[in-house]
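Reading through the structure tokens given below for one structure.
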Amino acid sequence: MSEAAWQSVPDLVQDDTSYLEVRLAEDESEVRAAQELRYRVFYREMAAHPSLAMAAAERDFDDYDGLADHLMVIDHRPRKQGGGVVGTYRLLRRSVLAGRMPFYSAAEFDLTCLNEFDGEVLELGRSCVDRPYRTRPTMQLLWRGLAAYVFAHDVSLMFGCASLPGNDVKALDLPLSYLHHRHLAPEFLRPHAIAARHVAMDRVSTDGIDDRQILAALPPLLKGYLRAGGSVGDGAVIDHQFNTVDVCMVVETERVSPRYYRHYSREVGAGGAPE
């Protein structure tokens, strides 16, 4: 993202009443700090399986990092009080990939329908927040930063893998079935898990199930996408490296729920504190 585009919404992305700031990484050292956070969360905390190179460097990295923008929440207090990069999102635009590489999620899902979609398409990935910062204000900052990025680049469609913890599909029968029956994307925007890795999501009947209870138990990121008006593709994928079961989330920015749209529009216009 160009510096000028990001500076077009300065009041949105800098909260002067807090020691937390949300902005894009500006140099390689900041990208490395985001990679180190990813390593701590994914590999140390969530027991993902790093490559030998990742383990040696204690960073999560791949070939996509050099093409991506890295959104970060930064704690500006001294290190002894916290400090550093405490939240991150990896943002990959189709216009930047420009045929050089497929989207990262193409290893799990057939994205033909998304590749044919008119307008800018943004893949969201590698989202994580350090344990002490998993609070509403931190998540709001990440979403505010993401909203600013979407507006600045006129993004029409966002998508990415959202994960349910663990590889035991049977234990995830209810949430997978809930997502399939209540939030399936329309066919023209419905990625499909690639055949060799496809795990059916229509696993049990959800008749008589408390939808609100299932929604409340979903991981916060996945729940946030749904509340923003997102929907899911067909089929899940077991990710053995990250010890998760992944679904593909799709969000048309023009269909973002009115509550979210009003919130972000007001923030961009006034630069006020989040609700």
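Here's how to read the names in the structure tokens: chain A, B, ... by the order shown, residue numbers from 1 in each chain, ligand numbers from 1 in the order shown.
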- [ ] Name all residues at most 10 Å from A:Ala47 (count only C-alpha atoms; drop same-chain ones fewer than 3 positions away) and give them as an MDAnalysis selection string.
- [x] chainID A and resid 39:44 50 166 241:243
Open item on the list: as a ChimeraX atom specification, please: the residues near A:Tyr19 (cut-off 12 Å, only C-alpha atoms, same-chain neighbours under 6 positions excluded).
Closed with: /A:73-78,81-86,137-138,141
Atoms kept (C-alpha atoms) for selection, written as a compact mmCIF listing (two decimals), in the first residue's frame:
# COMPACT_ATOMS: atom_id res chain seq x y z
CA VAL A 73 -1.06 -3.50 16.13
CA ILE A 74 1.91 -2.04 17.98
CA ASP A 75 2.27 -1.47 21.73
CA HIS A 76 4.45 1.61 22.13
CA ARG A 77 5.21 1.04 25.79
CA PRO A 78 8.71 -0.09 26.82
CA GLN A 81 5.63 -3.45 30.04
CA GLY A 82 4.68 -5.38 26.91
CA GLY A 83 5.69 -3.48 23.84
CA GLY A 84 6.31 -4.42 20.23
CA VAL A 85 4.04 -5.98 17.61
CA VAL A 86 1.09 -7.58 19.42
CA PRO A 137 -9.93 -2.90 21.91
CA THR A 138 -7.12 -4.79 20.17
CA LEU A 141 -7.99 -1.76 16.11
Within 9 Å of stretch 193-212 of chain A, which residues of stretch 92-120 of chain A come that close, and what is the closest atom pair and distance in Å for each? Count only C-alpha atoms and give it as a tab-separated table.
residue	atom	partner	partner_atom	distance
A:Ala106	CA	A:Ile194	CA	8.5
A:Ala107	CA	A:Ile194	CA	8.0
A:Glu108	CA	A:Ile194	CA	5.9
A:Phe109	CA	A:Ala193	CA	4.2
A:Asp110	CA	A:Ile194	CA	5.6
A:Leu111	CA	A:Ala193	CA	8.9
May I have the selected residues written with C-alpha atoms, as a short mmCIF file (atom, residue, chain, number, x, y, z; two decimals), in the first residue's frame?
data_model
loop_
_atom_site.label_atom_id
_atom_site.label_comp_id
_atom_site.auth_asym_id
_atom_site.auth_seq_id
_atom_site.Cartn_x
_atom_site.Cartn_y
_atom_site.Cartn_z
CA ALA A 106 -5.34 -22.13 -3.48
CA ALA A 107 -3.45 -24.99 -1.80
CA GLU A 108 -6.69 -25.85 0.00
CA PHE A 109 -9.55 -24.44 -2.08
CA ASP A 110 -10.53 -24.09 -5.72
CA LEU A 111 -10.76 -20.31 -6.04
#
- [ ] Just the helix (DSSP H, G or I) stuff from stretch 12-102 of chain A, please, per backbone DSSP, written as a count of residues only.
- [x] 33
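Atom CA of A:Tyr178 is found 7.5 Å from atom CA of A:Ile214.
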Task: Contacts of A:Leu67 within 10 Å, only C-alpha atoms, excl. fewer than 2 positions in-chain, as a PyMOL selection string - done: chain A and resi 63-65+69-70+90-93+96-97+100-101
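Using only C-alpha atoms, the smallest distance between any of A:Thr88, A:Asn115, A:Ser51, A:Thr135 and A:Gln35 comes from A:Thr88.
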TODO: Quote the spacing between atom CA of A:Leu52 and atom CA of A:Arg38 in Å to one decimal place.
DONE: 15.8 Å
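Proximity of A:Val232, A:Met46, A:Ala56, A:Leu146 to A:Thr244, computed with only C-alpha atoms, is greatest for A:Met46.
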TODO: Pull the strand (DSSP E or B) assignments for stretch 34-233 of chain A out of DSSP run on the backbone, and list those residues as JSON, numbers by chain.
DONE: {"A": [69, 70, 71, 72, 73, 74, 75, 84, 85, 86, 87, 88, 89, 90, 91, 92, 93, 109, 110, 120, 121, 122, 123, 124, 125, 126, 127, 128, 129, 155, 156, 157, 158, 159, 160, 161, 162, 163, 164, 165, 184, 192, 193, 199, 231, 232]}
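Picture a line from atom CA of A:Glu58 to atom CA of A:Pro165; it runs 21.9 Å.
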TODO: For A:Val245, please output as JSON, numbers by chain all residues within 6 Å (counting only C-alpha atoms; exclusion window: fewer than 2 positions along the same chain).
DONE: {"A": [163, 164, 167, 237, 238, 239]}
- [ ] Name all residues at most 9 Å from A:Phe188 (count only C-alpha atoms; drop same-chain ones fewer than 3 positions away) and give them as a ChimeraX atom specification.
- [x] /A:113-114,117,185,191
Write out the residues from the selection above, keeping N, CA and C atoms, as a PDB file, in the first residue's frame.
ATOM      1  N   CYS A 113     -13.961 -19.158  -8.857  1.00  0.00           N
ATOM      2  CA  CYS A 113     -15.023 -18.141  -8.824  1.00  0.00           C
ATOM      3  C   CYS A 113     -14.508 -16.807  -8.296  1.00  0.00           C
ATOM      4  N   LEU A 114     -13.566 -16.826  -7.382  1.00  0.00           N
ATOM      5  CA  LEU A 114     -13.016 -15.586  -6.837  1.00  0.00           C
ATOM      6  C   LEU A 114     -12.023 -14.944  -7.801  1.00  0.00           C
ATOM      7  N   PHE A 117     -13.918 -12.880 -10.254  1.00  0.00           N
ATOM      8  CA  PHE A 117     -14.729 -11.804  -9.688  1.00  0.00           C
ATOM      9  C   PHE A 117     -14.195 -10.450 -10.158  1.00  0.00           C
ATOM     10  N   ALA A 185     -22.054 -19.760   1.145  1.00  0.00           N
ATOM     11  CA  ALA A 185     -21.961 -18.679   0.156  1.00  0.00           C
ATOM     12  C   ALA A 185     -22.808 -19.005  -1.071  1.00  0.00           C
ATOM     13  N   PRO A 191     -16.160 -20.886  -3.041  1.00  0.00           N
ATOM     14  CA  PRO A 191     -14.978 -21.727  -3.245  1.00  0.00           C
ATOM     15  C   PRO A 191     -15.280 -23.160  -2.809  1.00  0.00           C
TER      16      PRO A 191
END
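Excluding A:Arg134 itself and same-chain residues fewer than 5 positions from it, the residues having an atom within 9 Å of it are A:Gly87, A:Val129, A:Met139, counting only C-alpha atoms.
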Suppose we keep N, CA and C atoms; can you now write the selection as a PDB file, in the first residue's frame?
ATOM      1  N   GLY A  87      -0.276  -7.707  17.404  1.00  0.00           N
ATOM      2  CA  GLY A  87      -1.329  -8.246  16.547  1.00  0.00           C
ATOM      3  C   GLY A  87      -0.936  -8.041  15.096  1.00  0.00           C
ATOM      4  N   VAL A 129      -3.095 -12.555  17.430  1.00  0.00           N
ATOM      5  CA  VAL A 129      -2.914 -11.545  18.472  1.00  0.00           C
ATOM      6  C   VAL A 129      -2.225 -12.210  19.649  1.00  0.00           C
ATOM      7  N   MET A 139      -8.829  -6.094  19.017  1.00  0.00           N
ATOM      8  CA  MET A 139      -9.518  -6.595  17.830  1.00  0.00           C
ATOM      9  C   MET A 139     -10.169  -5.455  17.060  1.00  0.00           C
TER      10      MET A 139
END
